[in-house]
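Presented below is the structure to which this report refers.
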Amino acid sequence: MESSVRAPAEQVSVGQEPSVGDDSDFEVFDDAVAGDARDPYPELALARSAHPVQRLDVSNMPHDQAQPVFFVYRYDDVLDVLRDGETFSSAHIIELIMGDVMGKHIILGMDNPEHRRYRALVSTAFRRSAFARWEAELVVPVANELVDRFAGRGRAELVREFTFPYPTKVTAGLLGLPGEDYRQFQRWSIAILSVIGKRDQAIAASAEMREYLAWVLGERRREPREDLISELAHAELDGERLTDEEIFSFLRLLLPAGVETTYRSTGNLLFSLLSRPGQLDAVRADRSLVPQAIEEALRFETPLLNITRLAVRDTVLSGVPIPAGSTVMLMLAAANRDETRWPDAERFDILRDPKVHISFGQGPHVCLGMHLARIEMRVALNLLLDRLPDLRLDPDGGDPYIRGQVFRSPTSLPVLFG
Ligand code: HEM
């Protein structure tokens with residue numbers, strides 16, 4: 001790969017890549033996993049009340065056709081499963097689905113004691129003090145740079161021009177990648193994220209990205225900088241360090257874990273407010289409502305609708321026996337609208353009594369990047385409201401809607417302003 005022999009250049013920052021986030025990138029992005037469901041929620045509500053822990057004996061899971069699958073719909077049950085990593089394992093499943101693309105050391109697919117050690121090591125790079133610096137030096141400039149491109153135009157399509165390129169660019173900046181390599185990084189990201197539809201391409205992109213990251217890692221080992229790769233290269237716990245392969249796996253995981261989710265959640269936040277002008281006006285008038293708007297958007301339209309575990313011993317969940325070897329599908333989207341926890345749960349209401357949602361998971365694998373995701377969403381919303389006066393949906397912009405049943409985000413966000 002050409003880039004692997006190049007000397008390190010400037011880090012990704014602002015204003016260097018005029019073509020970031022153009023339409024062609026978005027069109028290439030294979031949305032197959034999202035599915036075209038416009039509103040899966042009525043069906044999820046029915047399931048939640050009819051059979052909160054539902055057993056299905058015909059399995060489509062790749063690992064074992066003979067074992068039953070259990071779908072879990074209620075908030076408390078989902079929480080119980082996520083908190084009990086001894087009974088409900090994260091291993092096996094992810095390896096089968098993503099192992100050949102993401103590498104062997106995927107934190108999401110580890111159980112203890114491996115998970116505890118690995119998480120403690122990578123967490124040092126995600127400490128609180130790092131977030132404040134990332135916000136000021138990276139997230140705000142990236143968001144501003146994207147808005148600069150359309151702020152004078154009076155109209156924009158915020159998915160293609162803003163929410164889609166935004167987290168990839170933030171992540172490239174976190175890694176401290178050389179500016180001119182961003183474009184290639186984005187292509188790999190798209191290929192890796194399209195794994196379900198185009199597995200071979202994803203595997204090839206993953207191998208290329210590994211080779212490239214090996215070069216960056218070598219540079220950072222020699223000459224550390226203030227970026228995530230340098231942090232990971234030098235993270236130490238009880239005299240132990242991460243191996244190179246562990247670092248590559250973590251860096252690649254940031255694409256599905258950090259880029260795809262945040263791209264979708266930022267779109268969901270913007271769509272939820274833009275399609276309810278009263279609530280958008282409330283936020284515009286009182287910015288202290290922004291954090292509530294973010295949490296409500298995450299609850300109401302979680303970007304990732306379900307996660308999986310494997311029961312490794314016989315157990316019982318809300319009275320339903322679950323034999324060892326069963327796959328357990330945790331329906332985050334259904335749990336987030338559990339009416340026993342949120343009155344009028346099917347309504348988007350930024351003024352409701354805030355209660356923790358399940359969109360970032362819970363327990364030992366709770367999202368490591370949730371503070372960064374919240375920062376990205378907060379910066380995006382504040383900046384768009386600051387810089388685009390009278391921001392509103394374009395009434396002639398077709399019929400945008402949030403779609404998907406594995407991942408969800410808006411089809412488009414055509415807006416007018418000024
Ligand atoms: C709104 C955006 C996001 C959502 C909804 C989200 C959601 C989640 C969920 C549900 C999990 C738990 C998965 C499980 O238990 O199997 C998770 C884990 C994780 N997330 Fe996020 N995430 C988001 C943003 C981010 C960002 C920005 C990063 C990093 C830059 C990130 C990094 C991770 C990592 C590394 C894990 C694995 C933690 C572990 O296995 O111990 N996420 N995320």
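Ordered as shown in the structure tokens, chains take letters A, B, and onward, while each chain numbers its residues from 1 and ligands are numbered from 1 in the order shown.
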Taking only C-alpha atoms and all ligand atoms into account, which residues have an atom no farther than 7 Å from ligand 1? I'd like them as a compact mmCIF listing (two decimals) with C-alpha atoms, in the first residue's frame.
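Contents of selection.txt, as written:
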# COMPACT_ATOMS: atom_id res chain seq x y z
CA LEU A 82 -26.24 -7.72 30.40
CA SER A 90 -20.17 -12.44 24.74
CA ILE A 107 -13.30 -6.59 23.15
CA LEU A 108 -17.02 -6.98 22.43
CA GLY A 109 -16.54 -10.72 22.11
CA HIS A 115 -12.16 -8.90 29.07
CA ARG A 119 -10.80 -3.31 29.00
CA THR A 171 -12.19 8.89 14.60
CA LEU A 253 -13.57 -2.09 16.14
CA LEU A 254 -13.88 1.66 16.50
CA ALA A 257 -18.65 0.49 17.44
CA GLY A 258 -17.95 4.20 17.25
CA VAL A 259 -18.48 5.45 13.72
CA THR A 261 -23.52 4.13 15.79
CA THR A 262 -22.67 7.81 16.16
CA SER A 265 -27.56 8.51 16.47
CA LEU A 298 -31.07 7.78 22.13
CA THR A 302 -31.62 3.74 19.40
CA PRO A 303 -29.18 3.47 16.48
CA LEU A 304 -28.45 -0.18 17.32
CA ILE A 307 -27.23 -7.22 20.77
CA THR A 308 -26.56 -10.90 21.36
CA SER A 359 -28.84 2.17 24.09
CA PHE A 360 -25.25 2.05 25.37
CA GLY A 361 -25.74 -1.38 26.91
CA GLN A 362 -24.95 -2.06 30.57
CA PRO A 364 -19.15 -5.20 31.91
CA HIS A 365 -19.39 -4.34 28.20
CA VAL A 366 -21.18 -1.01 28.64
CA CYS A 367 -20.16 1.30 25.81
CA LEU A 368 -16.65 2.59 26.25
CA GLY A 369 -17.25 5.51 23.90
CA MET A 370 -20.53 6.82 25.27
CA LEU A 372 -17.48 10.72 23.20
CA ALA A 373 -20.74 9.87 21.41
CA ARG A 374 -22.59 12.33 23.63
Item to check | helix (DSSP H, G or I) positions in stretch 94-318 of chain A, given as number ranges by chain | outcome: A: 94-102, 107-109, 114-126, 128-148, 158-163, 165-175, 179-193, 199-222, 228-234, 244-274, 277-285, 287-300
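For the pair atom CA of A:Ala345 and atom CA of A:Ala50, the separation is 17.2 Å.
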Item to check | Surrounding residues of A:Phe70 excluding itself and chain neighbours under 4 positions, 7 Å, only C-alpha atoms, as a list in words | outcome: Val53, Gln54, Arg55, Leu56, Thr327, Val328 and Met329 of chain A
Checklist entry - For A:Arg284, which of A:Asp344, A:Asp390, A:Asp353, A:Glu245 is the closest residue, counting only C-alpha atoms? => result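 The answer is A:Asp390, which sits nearest to A:Arg284.
Of the listed residues (A:Arg48, A:Arg153, A:His92, A:Arg117), A:His92 comes nearest to A:Ser326; the distances count only C-alpha atoms.
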Item to check | Residues near A:Asp281, cut-off 12 Å, only C-alpha atoms, skip fewer than 3 positions along chain, as an NGL selection string | outcome: :A and (273-278 or 284-287 or 289-290 or 293 or 350 or 385 or 389-392)
Next on the checklist: Just the number, please: distance in Å from atom CA of A:Ala47 to atom CA of A:Ile294, one decimal.
Outcome noted: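 Atom-to-atom, atom CA of A:Ala47 to atom CA of A:Ile294, that is 26.8 Å.
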Checklist entry - Got a sec: who's within 9 Å of stretch 408-417 of chain A, counting only C-alpha atoms, leaving out chain neighbours fewer than 2 positions off, as a ChimeraX atom specification? => result /A:34-35,37,151,153-160,263-268,270-271,274,301-305,388-406
Keeping only N, CA and C atoms, write those residues as a tab-separated table (two decimals), in the first residue's frame.
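New file again_3.tsv:
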chain	number	residue	atom	x	y	z
A	34	ALA	N	-29.42	-2.64	7.64
A	34	ALA	CA	-30.42	-1.81	8.30
A	34	ALA	C	-31.84	-2.31	8.01
A	35	GLY	N	-32.04	-2.86	6.82
A	35	GLY	CA	-33.40	-3.28	6.46
A	35	GLY	C	-34.27	-2.06	6.23
A	37	ALA	N	-37.34	-1.37	7.36
A	37	ALA	CA	-38.48	-1.21	8.25
A	37	ALA	C	-38.65	0.26	8.64
A	151	ALA	N	-22.82	26.22	4.81
A	151	ALA	CA	-23.47	27.27	5.61
A	151	ALA	C	-23.96	28.44	4.75
A	153	ARG	N	-25.16	28.32	1.75
A	153	ARG	CA	-26.00	27.86	0.65
A	153	ARG	C	-27.51	27.95	0.94
A	154	GLY	N	-27.87	28.03	2.21
A	154	GLY	CA	-29.29	28.13	2.55
A	154	GLY	C	-30.02	26.81	2.56
A	155	ARG	N	-29.38	25.77	2.10
A	155	ARG	CA	-29.98	24.43	2.12
A	155	ARG	C	-28.87	23.38	2.19
A	156	ALA	N	-29.21	22.20	2.68
A	156	ALA	CA	-28.22	21.11	2.75
A	156	ALA	C	-28.95	19.79	2.93
A	157	GLU	N	-28.22	18.72	2.68
A	157	GLU	CA	-28.76	17.39	3.00
A	157	GLU	C	-27.84	16.88	4.11
A	158	LEU	N	-28.34	16.95	5.33
A	158	LEU	CA	-27.46	16.78	6.49
A	158	LEU	C	-26.94	15.36	6.69
A	159	VAL	N	-27.59	14.35	6.10
A	159	VAL	CA	-27.03	13.00	6.24
A	159	VAL	C	-25.77	12.90	5.40
A	160	ARG	N	-25.88	13.23	4.13
A	160	ARG	CA	-24.70	13.08	3.26
A	160	ARG	C	-23.62	14.11	3.57
A	263	TYR	N	-22.85	8.04	13.75
A	263	TYR	CA	-23.43	8.61	12.53
A	263	TYR	C	-24.96	8.48	12.58
A	264	ARG	N	-25.41	7.29	12.99
A	264	ARG	CA	-26.86	7.07	13.01
A	264	ARG	C	-27.53	7.83	14.15
A	265	SER	N	-26.89	7.86	15.33
A	265	SER	CA	-27.56	8.51	16.47
A	265	SER	C	-27.64	10.03	16.26
A	266	THR	N	-26.63	10.60	15.61
A	266	THR	CA	-26.69	12.04	15.35
A	266	THR	C	-27.83	12.34	14.37
A	267	GLY	N	-27.97	11.49	13.36
A	267	GLY	CA	-29.09	11.65	12.42
A	267	GLY	C	-30.43	11.50	13.11
A	268	ASN	N	-30.53	10.53	14.01
A	268	ASN	CA	-31.79	10.31	14.72
A	268	ASN	C	-32.15	11.50	15.60
A	270	LEU	N	-31.23	14.64	15.12
A	270	LEU	CA	-31.63	15.77	14.27
A	270	LEU	C	-33.02	15.54	13.67
A	271	PHE	N	-33.26	14.31	13.21
A	271	PHE	CA	-34.57	14.03	12.62
A	271	PHE	C	-35.67	14.17	13.67
A	274	LEU	N	-36.14	17.95	14.21
A	274	LEU	CA	-36.60	18.68	13.02
A	274	LEU	C	-38.03	18.31	12.65
A	301	GLU	N	-35.05	6.44	19.63
A	301	GLU	CA	-34.58	5.86	18.37
A	301	GLU	C	-33.15	5.39	18.55
A	302	THR	N	-32.97	4.25	19.20
A	302	THR	CA	-31.62	3.74	19.40
A	302	THR	C	-31.02	3.38	18.04
A	303	PRO	N	-29.75	3.77	17.80
A	303	PRO	CA	-29.18	3.47	16.48
A	303	PRO	C	-28.96	1.97	16.27
A	304	LEU	N	-28.73	1.26	17.37
A	304	LEU	CA	-28.45	-0.18	17.32
A	304	LEU	C	-29.59	-0.86	18.06
A	305	LEU	N	-30.34	-1.74	17.38
A	305	LEU	CA	-31.59	-2.22	17.97
A	305	LEU	C	-31.45	-3.48	18.80
A	388	LEU	N	-26.81	27.84	11.65
A	388	LEU	CA	-27.82	27.79	10.60
A	388	LEU	C	-29.13	28.35	11.15
A	389	PRO	N	-29.33	29.67	11.03
A	389	PRO	CA	-30.52	30.27	11.64
A	389	PRO	C	-31.80	29.69	11.04
A	390	ASP	N	-32.79	29.54	11.90
A	390	ASP	CA	-34.10	29.04	11.47
A	390	ASP	C	-33.99	27.69	10.76
A	391	LEU	N	-33.12	26.85	11.26
A	391	LEU	CA	-32.94	25.51	10.66
A	391	LEU	C	-34.27	24.75	10.70
A	392	ARG	N	-34.66	24.20	9.53
A	392	ARG	CA	-35.94	23.47	9.45
A	392	ARG	C	-35.87	22.44	8.33
A	393	LEU	N	-36.77	21.46	8.38
A	393	LEU	CA	-36.83	20.48	7.29
A	393	LEU	C	-37.33	21.18	6.04
A	394	ASP	N	-36.81	20.80	4.89
A	394	ASP	CA	-37.26	21.35	3.62
A	394	ASP	C	-38.60	20.71	3.26
A	395	PRO	N	-39.68	21.51	3.17
A	395	PRO	CA	-41.00	20.90	2.89
A	395	PRO	C	-41.03	20.20	1.52
A	396	ASP	N	-40.13	20.58	0.63
A	396	ASP	CA	-40.07	19.92	-0.68
A	396	ASP	C	-38.98	18.86	-0.74
A	397	GLY	N	-38.56	18.41	0.40
A	397	GLY	CA	-37.43	17.47	0.45
A	397	GLY	C	-37.83	16.01	0.40
A	398	GLY	N	-39.01	15.71	-0.12
A	398	GLY	CA	-39.44	14.31	-0.20
A	398	GLY	C	-40.00	13.87	1.15
A	399	ASP	N	-39.84	12.61	1.44
A	399	ASP	CA	-40.44	12.06	2.64
A	399	ASP	C	-39.36	11.35	3.48
A	400	PRO	N	-38.45	12.12	4.09
A	400	PRO	CA	-37.42	11.45	4.88
A	400	PRO	C	-38.03	10.73	6.07
A	401	TYR	N	-37.46	9.61	6.44
A	401	TYR	CA	-37.94	8.90	7.62
A	401	TYR	C	-36.80	8.06	8.19
A	402	ILE	N	-36.96	7.69	9.44
A	402	ILE	CA	-35.96	6.82	10.08
A	402	ILE	C	-36.30	5.39	9.72
A	403	ARG	N	-35.31	4.66	9.21
A	403	ARG	CA	-35.61	3.30	8.78
A	403	ARG	C	-34.60	2.31	9.35
A	404	GLY	N	-35.00	1.04	9.35
A	404	GLY	CA	-34.08	-0.02	9.74
A	404	GLY	C	-34.60	-0.86	10.89
A	405	GLN	N	-34.17	-2.11	10.94
A	405	GLN	CA	-34.56	-2.93	12.09
A	405	GLN	C	-33.37	-3.58	12.79
A	406	VAL	N	-32.17	-3.38	12.30
A	406	VAL	CA	-30.97	-3.79	13.03
A	406	VAL	C	-30.25	-2.52	13.49
Checklist entry - Out of A:Tyr41, A:Tyr118, A:Tyr75, A:Tyr212, which residue has the shortest atom-to-atom distance to A:Glu246 when counting only C-alpha atoms? => result A:Tyr118
Next on the checklist: Report, in Å with one decimal, the straight-line distance from atom CA of A:Ile229 to atom CA of A:Ile106.
Outcome noted: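 That distance, rounded to one decimal, is 16.4 Å.
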